[in-house]
$ cat final_39.cif   # mmCIF, C-alpha atoms
data_run
#
loop_
_atom_site.label_atom_id
_atom_site.label_comp_id
_atom_site.auth_asym_id
_atom_site.auth_seq_id
_atom_site.Cartn_x
_atom_site.Cartn_y
_atom_site.Cartn_z
CA MET A 20 -34.57 3.60 1.09
CA ASN A 21 -36.48 4.28 -2.10
CA HIS A 22 -34.88 4.65 -5.51
CA THR A 23 -34.33 8.42 -5.36
CA GLN A 24 -32.97 8.32 -1.82
CA ARG A 25 -30.53 5.60 -2.79
CA LEU A 26 -29.36 7.49 -5.89
CA THR A 27 -28.88 10.69 -3.91
CA TYR A 28 -27.04 8.95 -1.10
CA LEU A 29 -24.71 7.11 -3.52
CA ALA A 30 -23.92 10.38 -5.32
CA LEU A 31 -23.30 12.13 -2.01
CA LEU A 32 -20.90 9.42 -0.80
CA THR A 33 -19.02 9.45 -4.11
CA ALA A 34 -18.66 13.23 -4.01
CA LEU A 35 -17.48 13.13 -0.39
CA SER A 36 -14.87 10.48 -1.11
CA LEU A 37 -13.53 12.48 -4.06
CA ALA A 38 -13.34 15.60 -1.88
CA LEU A 39 -11.41 13.65 0.77
CA PHE A 40 -9.12 12.23 -1.92
CA LEU A 41 -8.27 15.74 -3.15
CA LEU A 42 -7.93 17.09 0.41
CA GLU A 43 -5.43 14.38 1.25
CA GLY A 44 -3.28 15.48 -1.69
CA LEU A 45 -2.82 18.83 0.06
CA ILE A 46 -1.49 17.31 3.29
CA PRO A 47 2.28 16.84 3.25
CA LEU A 48 3.32 13.52 4.79
CA PRO A 49 6.74 12.20 5.73
CA PHE A 50 8.00 9.54 3.36
CA LEU A 51 7.75 6.07 4.89
CA ALA A 52 7.58 3.62 2.03
CA PRO A 53 6.30 3.76 -1.52
CA GLY A 54 2.51 3.62 -1.45
CA ALA A 55 2.05 4.53 2.22
CA LYS A 56 -0.66 7.16 2.58
CA LEU A 57 -3.53 8.11 4.85
CA GLY A 58 -6.32 6.93 2.58
CA LEU A 59 -8.87 9.42 3.90
CA ALA A 60 -11.26 8.53 1.07
CA ASN A 61 -11.55 5.06 2.59
CA ILE A 62 -13.57 6.59 5.43
CA ILE A 63 -16.37 6.73 2.86
CA THR A 64 -15.77 3.15 1.72
CA VAL A 65 -16.17 1.87 5.29
CA LEU A 66 -19.10 4.21 5.93
CA ALA A 67 -20.79 2.99 2.74
CA LEU A 68 -20.29 -0.60 3.82
CA TYR A 69 -22.02 0.11 7.14
CA THR A 70 -24.88 2.31 5.94
CA LEU A 71 -25.91 0.89 2.56
CA PRO A 72 -28.19 -2.13 2.61
CA ARG A 73 -26.32 -3.88 -0.22
CA TRP A 74 -22.56 -4.40 -0.41
CA GLN A 75 -22.81 -4.01 -4.19
CA ASP A 76 -23.64 -0.35 -3.61
CA ALA A 77 -20.51 0.11 -1.47
CA ALA A 78 -18.49 -1.45 -4.31
CA LEU A 79 -20.15 0.94 -6.76
CA VAL A 80 -19.12 3.98 -4.69
CA LEU A 81 -15.55 2.65 -4.51
CA LEU A 82 -15.32 1.97 -8.26
CA LEU A 83 -16.75 5.39 -9.12
CA ARG A 84 -14.28 7.10 -6.79
CA ILE A 85 -11.26 5.23 -8.20
CA THR A 86 -12.31 5.89 -11.81
CA ILE A 87 -12.97 9.59 -11.33
CA ALA A 88 -9.92 10.11 -9.06
CA SER A 89 -7.73 8.55 -11.77
CA LEU A 90 -9.08 11.10 -14.23
CA PHE A 91 -8.09 13.90 -11.83
CA GLY A 92 -4.50 12.71 -11.97
CA GLY A 93 -2.59 9.49 -11.84
CA GLY A 94 -3.44 7.65 -15.02
CA PRO A 95 -3.86 3.94 -15.81
CA SER A 96 -0.88 2.60 -13.82
CA ILE A 97 -1.92 4.34 -10.58
CA MET A 98 -5.52 3.24 -11.24
CA LEU A 99 -4.41 -0.39 -11.39
CA TYR A 100 -2.77 -0.04 -7.95
CA SER A 101 -5.87 1.66 -6.53
CA LEU A 102 -8.14 -1.05 -7.93
CA ALA A 103 -5.99 -3.88 -6.58
CA GLY A 104 -5.82 -2.34 -3.11
CA GLY A 105 -9.38 -1.07 -3.03
CA LEU A 106 -11.11 -4.22 -4.28
CA LEU A 107 -9.09 -6.67 -2.17
CA SER A 108 -9.66 -4.55 0.91
CA LEU A 109 -13.40 -4.16 0.24
CA ALA A 110 -13.82 -7.90 -0.37
CA ILE A 111 -12.09 -8.76 2.93
CA MET A 112 -14.12 -6.12 4.79
CA ILE A 113 -17.41 -7.44 3.38
CA LEU A 114 -16.48 -10.96 4.49
CA LEU A 115 -15.35 -9.92 7.99
CA LYS A 116 -18.40 -7.72 8.53
CA HIS A 117 -20.64 -10.58 7.40
CA THR A 118 -19.25 -12.89 10.13
CA GLY A 119 -20.68 -10.52 12.73
CA HIS A 120 -17.74 -11.07 15.08
CA PHE A 121 -15.94 -7.78 14.47
CA SER A 122 -16.63 -4.10 15.15
CA PRO A 123 -16.18 -1.48 12.40
CA LEU A 124 -12.74 -0.79 13.91
CA GLY A 125 -11.45 -4.32 13.45
CA VAL A 126 -13.00 -4.56 9.99
CA SER A 127 -11.35 -1.28 9.01
CA CYS A 128 -7.91 -2.35 10.35
CA ALA A 129 -8.11 -5.48 8.18
CA GLY A 130 -9.21 -3.27 5.28
CA GLY A 131 -6.18 -0.99 5.68
CA PHE A 132 -3.82 -3.94 5.89
CA THR A 133 -5.25 -5.74 2.85
CA HIS A 134 -5.32 -2.48 0.89
CA ASN A 135 -1.54 -2.20 1.19
CA LEU A 136 -1.12 -5.94 0.67
CA GLY A 137 -3.11 -5.75 -2.58
CA GLN A 138 -0.96 -2.90 -3.85
CA LEU A 139 2.21 -4.74 -2.91
CA LEU A 140 1.02 -7.90 -4.69
CA ILE A 141 0.25 -5.98 -7.88
CA ALA A 142 3.71 -4.34 -7.63
CA VAL A 143 5.28 -7.80 -7.31
CA THR A 144 3.26 -8.99 -10.33
CA LEU A 145 4.07 -5.99 -12.52
CA SER A 146 7.76 -5.80 -11.66
CA ASN A 147 8.23 -9.57 -11.38
CA HIS A 148 10.22 -8.99 -8.19
CA ILE A 149 9.25 -10.99 -5.12
CA GLY A 150 11.78 -9.03 -3.01
CA LEU A 151 9.33 -6.12 -2.90
CA LEU A 152 7.49 -8.09 -0.21
CA ASN A 153 10.27 -6.84 2.09
CA TYR A 154 8.17 -3.68 2.30
CA LEU A 155 5.35 -5.57 4.04
CA PRO A 156 6.80 -5.12 7.57
CA ILE A 157 6.46 -1.35 7.02
CA LEU A 158 3.38 -1.17 4.81
CA GLY A 159 1.38 -3.76 6.79
CA PRO A 160 1.46 -1.93 10.17
CA CYS A 161 0.97 1.40 8.32
CA GLY A 162 -2.23 -0.02 6.83
CA ILE A 163 -3.43 -1.32 10.21
CA LEU A 164 -2.78 2.11 11.78
CA THR A 165 -4.56 4.13 9.08
CA GLY A 166 -7.34 1.52 9.08
CA PHE A 167 -7.68 2.01 12.84
CA PHE A 168 -8.16 5.78 12.53
CA ILE A 169 -10.56 5.33 9.64
CA GLY A 170 -12.55 2.78 11.65
CA TYR A 171 -12.56 5.09 14.67
CA THR A 172 -13.89 7.95 12.53
CA VAL A 173 -16.67 5.75 11.15
CA TRP A 174 -17.46 4.51 14.66
CA LEU A 175 -17.93 8.14 15.74
CA ILE A 176 -20.05 9.00 12.68
CA LEU A 177 -22.44 6.02 12.72
CA PRO A 178 -24.49 6.92 15.84
CA LYS A 179 -24.94 10.48 14.56
CA LEU A 180 -26.54 9.44 11.26
CA PRO A 181 -30.32 9.57 10.70
CA ILE A 182 -32.02 6.38 11.86
CA ALA A 183 -32.97 5.51 8.26
CA LEU A 184 -29.30 4.88 7.47
CA ASN A 185 -28.67 2.81 10.56
CA THR A 186 -30.59 -0.32 9.69
CA ASN A 187 -27.52 -2.24 8.65
CA ARG A 188 -25.48 -2.60 11.83
CA MET B 205 -23.87 2.38 21.28
CA MET B 206 -21.88 -0.63 20.16
CA LYS B 207 -18.60 -1.59 21.74
CA MET B 208 -15.59 0.01 20.12
CA LEU B 209 -13.26 -2.99 20.19
CA LYS B 210 -14.30 -6.58 20.76
CA LYS B 211 -11.95 -9.39 21.75
CA ALA B 212 -12.14 -10.70 18.18
CA ASP B 213 -10.95 -7.31 16.86
CA ILE B 214 -7.83 -7.38 19.03
CA LEU B 215 -7.07 -10.94 17.93
CA LEU B 216 -7.52 -9.87 14.32
CA ILE B 217 -5.13 -6.92 14.70
CA VAL B 218 -2.45 -9.08 16.36
CA LEU B 219 -2.81 -11.65 13.58
CA LEU B 220 -2.40 -8.96 10.91
CA LEU B 221 0.72 -7.59 12.65
CA LEU B 222 2.24 -11.07 12.68
CA LEU B 223 1.40 -11.47 8.98
CA SER B 224 3.20 -8.17 8.29
CA LEU B 225 6.37 -9.46 9.88
CA LEU B 226 6.36 -12.70 7.91
CA PRO B 227 8.92 -11.53 5.31
CA LEU B 228 11.42 -10.90 8.15
CA ARG B 229 11.24 -14.55 9.15
CA ALA B 230 14.68 -15.42 7.83
CA GLY B 231 16.48 -12.67 9.81
CA THR B 232 19.73 -11.35 8.40
CA ASN B 233 22.04 -11.00 11.38
CA LYS B 234 24.96 -12.80 9.75
CA LYS B 235 27.28 -10.57 7.77
CA PRO B 236 27.55 -11.61 4.15
CA ALA B 237 31.01 -11.85 2.61
CA ALA B 238 30.28 -9.63 -0.36
CA VAL B 239 27.46 -7.20 -1.03
CA TYR B 240 26.28 -6.35 -4.51
CA ALA B 241 23.31 -4.60 -6.07
CA ASP B 242 21.19 -6.04 -8.84
CA ILE B 243 19.49 -3.41 -10.95
CA SER B 244 16.62 -4.73 -13.00
CA VAL B 245 14.11 -3.13 -15.32
CA GLY B 246 10.81 -4.91 -15.91
CA GLY B 247 12.09 -8.04 -14.17
CA GLN B 248 15.16 -8.31 -16.44
CA LEU B 249 18.56 -7.94 -14.75
CA SER B 250 20.21 -5.01 -16.46
CA ARG B 251 23.30 -4.42 -14.34
CA ARG B 252 25.09 -5.85 -11.30
CA VAL B 253 27.31 -3.58 -9.20
CA VAL B 254 29.59 -4.77 -6.43
CA LEU B 255 29.15 -2.52 -3.40
CA SER B 256 31.45 -4.02 -0.77
CA ALA B 257 34.92 -2.49 -0.94
CA HIS B 258 33.73 -0.01 -3.54
CA GLN B 259 35.64 3.27 -3.26
CA GLY B 260 34.77 6.67 -4.63
CA ARG B 261 31.78 7.94 -6.52
CA GLU B 262 30.41 6.68 -9.79
CA THR B 263 27.30 7.87 -11.65
CA PHE B 264 25.49 6.32 -14.58
CA THR B 265 22.12 6.69 -16.25
CA LEU B 266 19.80 3.82 -17.15
CA GLN B 267 17.30 4.20 -19.97
CA THR B 268 14.04 2.29 -19.68
CA PRO B 269 12.57 0.71 -22.85
CA ASP B 270 9.87 3.40 -23.05
CA GLY B 271 12.38 6.26 -23.16
CA HIS B 272 12.56 7.32 -19.51
CA TYR B 273 15.65 7.41 -17.33
CA ASN B 274 16.97 6.92 -13.80
CA THR B 275 20.36 8.26 -12.79
CA ILE B 276 22.05 6.03 -10.24
CA GLU B 277 24.97 6.94 -8.02
CA ILE B 278 27.32 4.51 -6.30
CA ASP B 279 29.07 6.34 -3.45
CA ASP B 280 31.55 4.07 -1.67
CA ASP B 281 29.43 1.11 -0.51
CA THR B 282 26.04 2.76 -1.01
CA ILE B 283 23.73 2.97 -4.00
CA ALA B 284 21.02 5.56 -4.61
CA VAL B 285 18.85 7.00 -7.35
CA ILE B 286 19.75 10.69 -7.62
CA ASP B 287 17.67 11.72 -10.62
CA ALA B 288 14.72 10.35 -12.60
CA ASP B 289 11.90 11.58 -14.80
CA CYS B 290 9.22 9.49 -13.08
CA PRO B 291 6.13 11.37 -11.84
CA ASP B 292 6.47 10.70 -8.10
CA LYS B 293 10.27 10.74 -7.49
CA LEU B 294 9.79 8.18 -4.74
CA CYS B 295 12.91 6.36 -5.96
CA ILE B 296 15.00 9.42 -5.07
CA GLN B 297 13.29 9.86 -1.69
CA GLN B 298 14.15 6.30 -0.73
CA GLY B 299 17.76 7.46 -0.33
CA LYS B 300 20.81 5.27 -0.07
CA ALA B 301 20.77 1.48 0.13
CA ARG B 302 23.70 -0.36 1.66
CA LYS B 303 22.78 -3.61 3.45
CA ALA B 304 21.73 -6.90 1.90
CA GLY B 305 17.93 -6.88 1.80
CA ASP B 306 17.68 -3.14 1.12
CA ILE B 307 15.62 -2.34 -1.92
CA ILE B 308 14.95 0.77 -3.98
CA ALA B 309 11.98 0.69 -6.30
CA CYS B 310 10.87 3.05 -9.05
CA LEU B 311 7.52 1.48 -9.82
CA PRO B 312 6.50 3.79 -12.72
CA HIS B 313 9.67 2.70 -14.56
CA LYS B 314 9.52 -0.91 -13.26
CA LEU B 315 13.07 -0.37 -12.02
CA ILE B 316 14.22 -2.25 -8.93
CA ILE B 317 17.57 -2.02 -7.19
CA GLU B 318 18.01 -4.94 -4.84
CA VAL B 319 21.02 -5.17 -2.53
CA LYS B 320 22.08 -8.75 -1.99
CA GLY B 321 24.74 -10.55 -0.02
CA SER B 322 26.68 -13.43 -1.53
CA ALA B 323 28.76 -16.38 -0.28
CA ALA B 324 28.26 -18.57 2.80
CA ASP B 325 25.09 -16.99 4.19
CA ASP B 326 23.07 -16.03 1.18
CA THR B 327 20.37 -13.57 2.14
CA GLU B 328 18.82 -13.77 -1.28
CA ASP B 329 16.03 -16.19 -0.44
CA ILE B 330 14.28 -14.24 2.30
CA ILE B 331 10.91 -15.12 0.82
CA PRO B 332 10.08 -18.82 0.59
CA ALA B 333 8.37 -20.41 -2.40
CA ARG B 334 9.70 -18.39 -5.28
#

$ encode --input "final_39.cif" --output "structure tokens"
Amino acid sequence: MNHTQRLTYLALLTALSLALFLLEGLIPLPFLAPGAKLGLANIITVLALYTLPRWQDAALVLLLRITIASLFGGGPSIMLYSLAGGLLSLAIMILLKHTGHFSPLGVSCAGGFTHNLGQLLIAVTLSNHIGLLNYLPILGPCGILTGFFIGYTVWLILPKLPIALNTNR
Amino acid sequence: MMKMLKKADILLIVLLLLLSLLPLRAGTNKKPAAVYADISVGGQLSRRVVLSAHQGRETFTLQTPDGHYNTIEIDDDTIAVIDADCPDKLCIQQGKARKAGDIIACLPHKLIIEVKGSAADDTEDIIPAR
């Protein structure tokens, strides 16, 4: 990937993740627990992790999406939750992918779980209330389930991408 | 095409599920003698309400330090947030809490309502290592 291709691809991924973020806001969901959502934009995070040669670029796409999405609505407090969940989940996914033992599906399940765990931990820190961890039995499996569907989507997308993007599997 | 799920993936998912259930470890099948709700704002206990044997309906409004409010209703032995000026209203959607271990959170206002049981079998310390 040369410099222009990389720039274009990063911009494309960021735009796609923002579109998915806004699309998700239009889908009504039953209330399960505070913070439980589909996380459609994370399809792009996982896709970025599997198609970009450097994990730093996947992190860049994630940070850009969180920053711009917070400007669309949410504000600093929501941004803090997104950062905690997003960064913890990306870090774990990078590590698991690096081991080479897991498929994108397993990596994504762990990403969904740690995303919710990160948000719960920041909620515990901000509210100084350890009892909030009682939400983990709901939020944990929710994260695994959404992570599974995200991983499945990425697993379907990967073989259909141009060969130039598939060097990193 | 690569395999969709490897053995390691399934192990990973099972491990994550077990991790999720960790906070339930202490199980709360014993019935506590008295049930009360601790309402705290920003980690500071602001009010304690006894729920067991509570009769009738009682409503009060809590002001947060930054000028917002949550209206809380005690209806017999249940507690619920019925009105608030937070952006997401998730505290209202969480409905009524009754049993020890139930929790209602309004994260934008840092307000937490935690139902606890007292006496012989204290369910307070569900999470180890406070």

$ closest_residue --input "final_39.cif" --among "A:Phe91, A:Phe168, A:Tyr28, A:Tyr100" --to "B:Leu311" --atoms "all atoms listed in the file"
A:Tyr100

$ closest_residue --input "final_39.cif" --among "A:Ser127, A:Thr23, A:Ser146, A:Ser101" --to "A:Val65" --atoms "all atoms listed in the file"
A:Ser127

$ resolve_selection --input "final_39.cif" --expression "the PyMOL selection byres ((chain A) within 8 of (chain B))" --output "ChimeraX atom specification"
/A:50,52-53,96,120-126,128-129,132,142,145-153,155-160,163,174,178

$ atom_distance --input "final_39.cif" --atom1 "atom CA of B:Lys320" --atom2 "atom CA of B:Val239"
5.7 Å

$ closest_residue --input "final_39.cif" --among "A:Cys161, A:Ile46, A:Met98, A:Ala103" --to "A:Leu140" --atoms "only C-alpha atoms"
A:Ala103

$ atom_distance --input "final_39.cif" --atom1 "atom CA of A:Val173" --atom2 "atom CA of A:Ile62"
6.6 Å

$ atom_distance --input "final_39.cif" --atom1 "atom CA of B:Ala304" --atom2 "atom CA of B:Gly321"
5.1 Å

$ residues_around --input "final_39.cif" --residues "B:Arg251" --least-positions-apart "2" --cutoff "9 Å" --atoms "all atoms listed in the file" --output "PyMOL selection string"
chain B and resi 241-244+249+253

$ resolve_selection --input "final_39.cif" --expression "the PyMOL selection byres ((chain B and resi 254-257) around 8)" --output "NGL selection string"
:B and (238-241 or 252-253 or 258-259 or 278 or 280-283 or 302)

$ resolve_selection --input "final_39.cif" --expression "the PyMOL selection byres ((chain A and resi 73) around 12)" --output "mmCIF file with C-alpha atoms, keeping the file's coordinate frame"
data_model
loop_
_atom_site.group_PDB
_atom_site.id
_atom_site.type_symbol
_atom_site.label_atom_id
_atom_site.label_comp_id
_atom_site.auth_asym_id
_atom_site.auth_seq_id
_atom_site.Cartn_x
_atom_site.Cartn_y
_atom_site.Cartn_z
ATOM 1 C CA MET A 20 -34.570 3.600 1.090
ATOM 2 C CA ARG A 25 -30.530 5.600 -2.790
ATOM 3 C CA LEU A 29 -24.710 7.110 -3.520
ATOM 4 C CA ALA A 67 -20.790 2.990 2.740
ATOM 5 C CA LEU A 68 -20.290 -0.600 3.820
ATOM 6 C CA TYR A 69 -22.020 0.110 7.140
ATOM 7 C CA THR A 70 -24.880 2.310 5.940
ATOM 8 C CA LEU A 71 -25.910 0.890 2.560
ATOM 9 C CA PRO A 72 -28.190 -2.130 2.610
ATOM 10 C CA TRP A 74 -22.560 -4.400 -0.410
ATOM 11 C CA GLN A 75 -22.810 -4.010 -4.190
ATOM 12 C CA ASP A 76 -23.640 -0.350 -3.610
ATOM 13 C CA ALA A 77 -20.510 0.110 -1.470
ATOM 14 C CA ALA A 78 -18.490 -1.450 -4.310
ATOM 15 C CA LEU A 79 -20.150 0.940 -6.760
ATOM 16 C CA VAL A 80 -19.120 3.980 -4.690
ATOM 17 C CA ILE A 113 -17.410 -7.440 3.380
ATOM 18 C CA HIS A 117 -20.640 -10.580 7.400
ATOM 19 C CA THR A 186 -30.590 -0.320 9.690
ATOM 20 C CA ASN A 187 -27.520 -2.240 8.650
#

$ residues_near_point --input "final_39.cif" --point "(18.7, 12.8, -8.3)" --cutoff "8 Å" --atoms "only C-alpha atoms" --output "short mmCIF file (atom, residue, chain, number, x, y, z; two decimals) with C-alpha atoms, keeping the file's coordinate frame"
data_model
loop_
_atom_site.label_atom_id
_atom_site.label_comp_id
_atom_site.auth_asym_id
_atom_site.auth_seq_id
_atom_site.Cartn_x
_atom_site.Cartn_y
_atom_site.Cartn_z
CA THR B 275 20.36 8.26 -12.79
CA ILE B 276 22.05 6.03 -10.24
CA VAL B 285 18.85 7.00 -7.35
CA ILE B 286 19.75 10.69 -7.62
CA ASP B 287 17.67 11.72 -10.62
CA ALA B 288 14.72 10.35 -12.60
CA ILE B 296 15.00 9.42 -5.07
#

$ closest_residue --input "final_39.cif" --among "A:Leu136, A:Ile111, A:Leu45, A:Ile63" --to "A:Thr33" --atoms "all atoms listed in the file"
A:Ile63

$ axis_aligned_box --input "final_39.cif" --around "stretch 285-294 of chain B" --padding-each-side "6 Å" --output "lines of an AutoDock Vina configuration file"
center_x = 12.9
center_y = 9.4
center_z = -9.8
size_x = 25.6
size_y = 16.7
size_z = 22.1

$ closest_residue --input "final_39.cif" --among "A:Gly44, A:Pro181, A:Gly93, A:Gly104" --to "A:Leu57" --atoms "all atoms listed in the file"
A:Gly44

$ residues_around --input "final_39.cif" --residues "A:Leu39" --least-positions-apart "4" --cutoff "7 Å" --atoms "only C-alpha atoms" --output "PDB file with C-alpha atoms, keeping the file's coordinate frame"
ATOM      1  CA  LEU A  35     -17.480  13.130  -0.390  1.00  0.00           C
ATOM      2  CA  GLU A  43      -5.430  14.380   1.250  1.00  0.00           C
ATOM      3  CA  LEU A  59      -8.870   9.420   3.900  1.00  0.00           C
ATOM      4  CA  ALA A  60     -11.260   8.530   1.070  1.00  0.00           C
TER       5      ALA A  60
END

$ decode --input "final_39.cif" --residues "stretch 274-283 of chain B" --atoms "all heavy atoms" --output "mmCIF file, in the first residue's frame"
data_model
loop_
_atom_site.group_PDB
_atom_site.id
_atom_site.type_symbol
_atom_site.label_atom_id
_atom_site.label_comp_id
_atom_site.auth_asym_id
_atom_site.auth_seq_id
_atom_site.Cartn_x
_atom_site.Cartn_y
_atom_site.Cartn_z
ATOM 1 N N ASN B 274 -33.188 13.950 40.034
ATOM 2 C CA ASN B 274 -33.820 12.654 39.823
ATOM 3 C C ASN B 274 -34.976 12.560 40.811
ATOM 4 O O ASN B 274 -34.790 12.822 41.994
ATOM 5 C CB ASN B 274 -32.857 11.503 40.111
ATOM 6 C CG ASN B 274 -31.723 11.420 39.109
ATOM 7 O OD1 ASN B 274 -30.798 12.232 39.156
ATOM 8 N ND2 ASN B 274 -31.786 10.472 38.205
ATOM 9 N N THR B 275 -36.152 12.219 40.307
ATOM 10 C CA THR B 275 -37.286 12.019 41.202
ATOM 11 C C THR B 275 -37.437 10.525 41.459
ATOM 12 O O THR B 275 -37.491 9.724 40.530
ATOM 13 C CB THR B 275 -38.568 12.596 40.588
ATOM 14 O OG1 THR B 275 -38.350 13.977 40.325
ATOM 15 C CG2 THR B 275 -39.740 12.438 41.540
ATOM 16 N N ILE B 276 -37.462 10.174 42.735
ATOM 17 C CA ILE B 276 -37.457 8.767 43.134
ATOM 18 C C ILE B 276 -38.763 8.445 43.831
ATOM 19 O O ILE B 276 -39.268 9.250 44.623
ATOM 20 C CB ILE B 276 -36.250 8.504 44.057
ATOM 21 C CG1 ILE B 276 -34.953 8.677 43.253
ATOM 22 C CG2 ILE B 276 -36.314 7.105 44.670
ATOM 23 C CD1 ILE B 276 -33.733 8.846 44.082
ATOM 24 N N GLU B 277 -39.319 7.285 43.485
ATOM 25 C CA GLU B 277 -40.579 6.881 44.113
ATOM 26 C C GLU B 277 -40.389 5.571 44.863
ATOM 27 O O GLU B 277 -39.847 4.612 44.325
ATOM 28 C CB GLU B 277 -41.665 6.716 43.051
ATOM 29 C CG GLU B 277 -43.013 6.390 43.640
ATOM 30 C CD GLU B 277 -44.065 6.180 42.555
ATOM 31 O OE1 GLU B 277 -44.114 5.085 41.979
ATOM 32 O OE2 GLU B 277 -44.806 7.134 42.285
ATOM 33 N N ILE B 278 -40.847 5.550 46.108
ATOM 34 C CA ILE B 278 -40.872 4.307 46.876
ATOM 35 C C ILE B 278 -42.331 3.862 46.875
ATOM 36 O O ILE B 278 -43.192 4.579 47.383
ATOM 37 C CB ILE B 278 -40.441 4.516 48.341
ATOM 38 C CG1 ILE B 278 -39.323 5.529 48.452
ATOM 39 C CG2 ILE B 278 -40.131 3.205 49.011
ATOM 40 C CD1 ILE B 278 -37.973 5.022 48.290
ATOM 41 N N ASP B 279 -42.609 2.693 46.278
ATOM 42 C CA ASP B 279 -43.986 2.202 46.241
ATOM 43 C C ASP B 279 -43.987 0.849 46.939
ATOM 44 O O ASP B 279 -43.451 -0.128 46.425
ATOM 45 C CB ASP B 279 -44.433 2.078 44.781
ATOM 46 C CG ASP B 279 -45.904 1.698 44.676
ATOM 47 O OD1 ASP B 279 -46.573 1.672 45.720
ATOM 48 O OD2 ASP B 279 -46.355 1.431 43.549
ATOM 49 N N ASP B 280 -44.588 0.791 48.121
ATOM 50 C CA ASP B 280 -44.490 -0.382 48.998
ATOM 51 C C ASP B 280 -43.024 -0.787 49.153
ATOM 52 O O ASP B 280 -42.231 0.030 49.587
ATOM 53 C CB ASP B 280 -45.368 -1.523 48.488
ATOM 54 C CG ASP B 280 -46.861 -1.184 48.638
ATOM 55 O OD1 ASP B 280 -47.170 -0.316 49.482
ATOM 56 O OD2 ASP B 280 -47.679 -1.746 47.912
ATOM 57 N N ASP B 281 -42.650 -2.015 48.728
ATOM 58 C CA ASP B 281 -41.251 -2.408 48.960
ATOM 59 C C ASP B 281 -40.391 -2.260 47.702
ATOM 60 O O ASP B 281 -39.387 -2.928 47.558
ATOM 61 C CB ASP B 281 -41.174 -3.844 49.500
ATOM 62 C CG ASP B 281 -41.784 -4.840 48.526
ATOM 63 O OD1 ASP B 281 -42.515 -4.399 47.616
ATOM 64 O OD2 ASP B 281 -41.521 -6.046 48.680
ATOM 65 N N THR B 282 -40.802 -1.388 46.782
ATOM 66 C CA THR B 282 -39.988 -1.193 45.585
ATOM 67 C C THR B 282 -39.501 0.255 45.509
ATOM 68 O O THR B 282 -40.099 1.154 46.092
ATOM 69 C CB THR B 282 -40.780 -1.485 44.297
ATOM 70 O OG1 THR B 282 -41.792 -0.484 44.153
ATOM 71 C CG2 THR B 282 -41.409 -2.865 44.343
ATOM 72 N N ILE B 283 -38.410 0.437 44.778
ATOM 73 C CA ILE B 283 -37.886 1.785 44.576
ATOM 74 C C ILE B 283 -37.625 1.967 43.087
ATOM 75 O O ILE B 283 -37.223 1.021 42.399
ATOM 76 C CB ILE B 283 -36.609 2.017 45.426
ATOM 77 C CG1 ILE B 283 -36.127 3.466 45.296
ATOM 78 C CG2 ILE B 283 -35.490 1.042 45.064
ATOM 79 C CD1 ILE B 283 -35.125 3.867 46.370
#
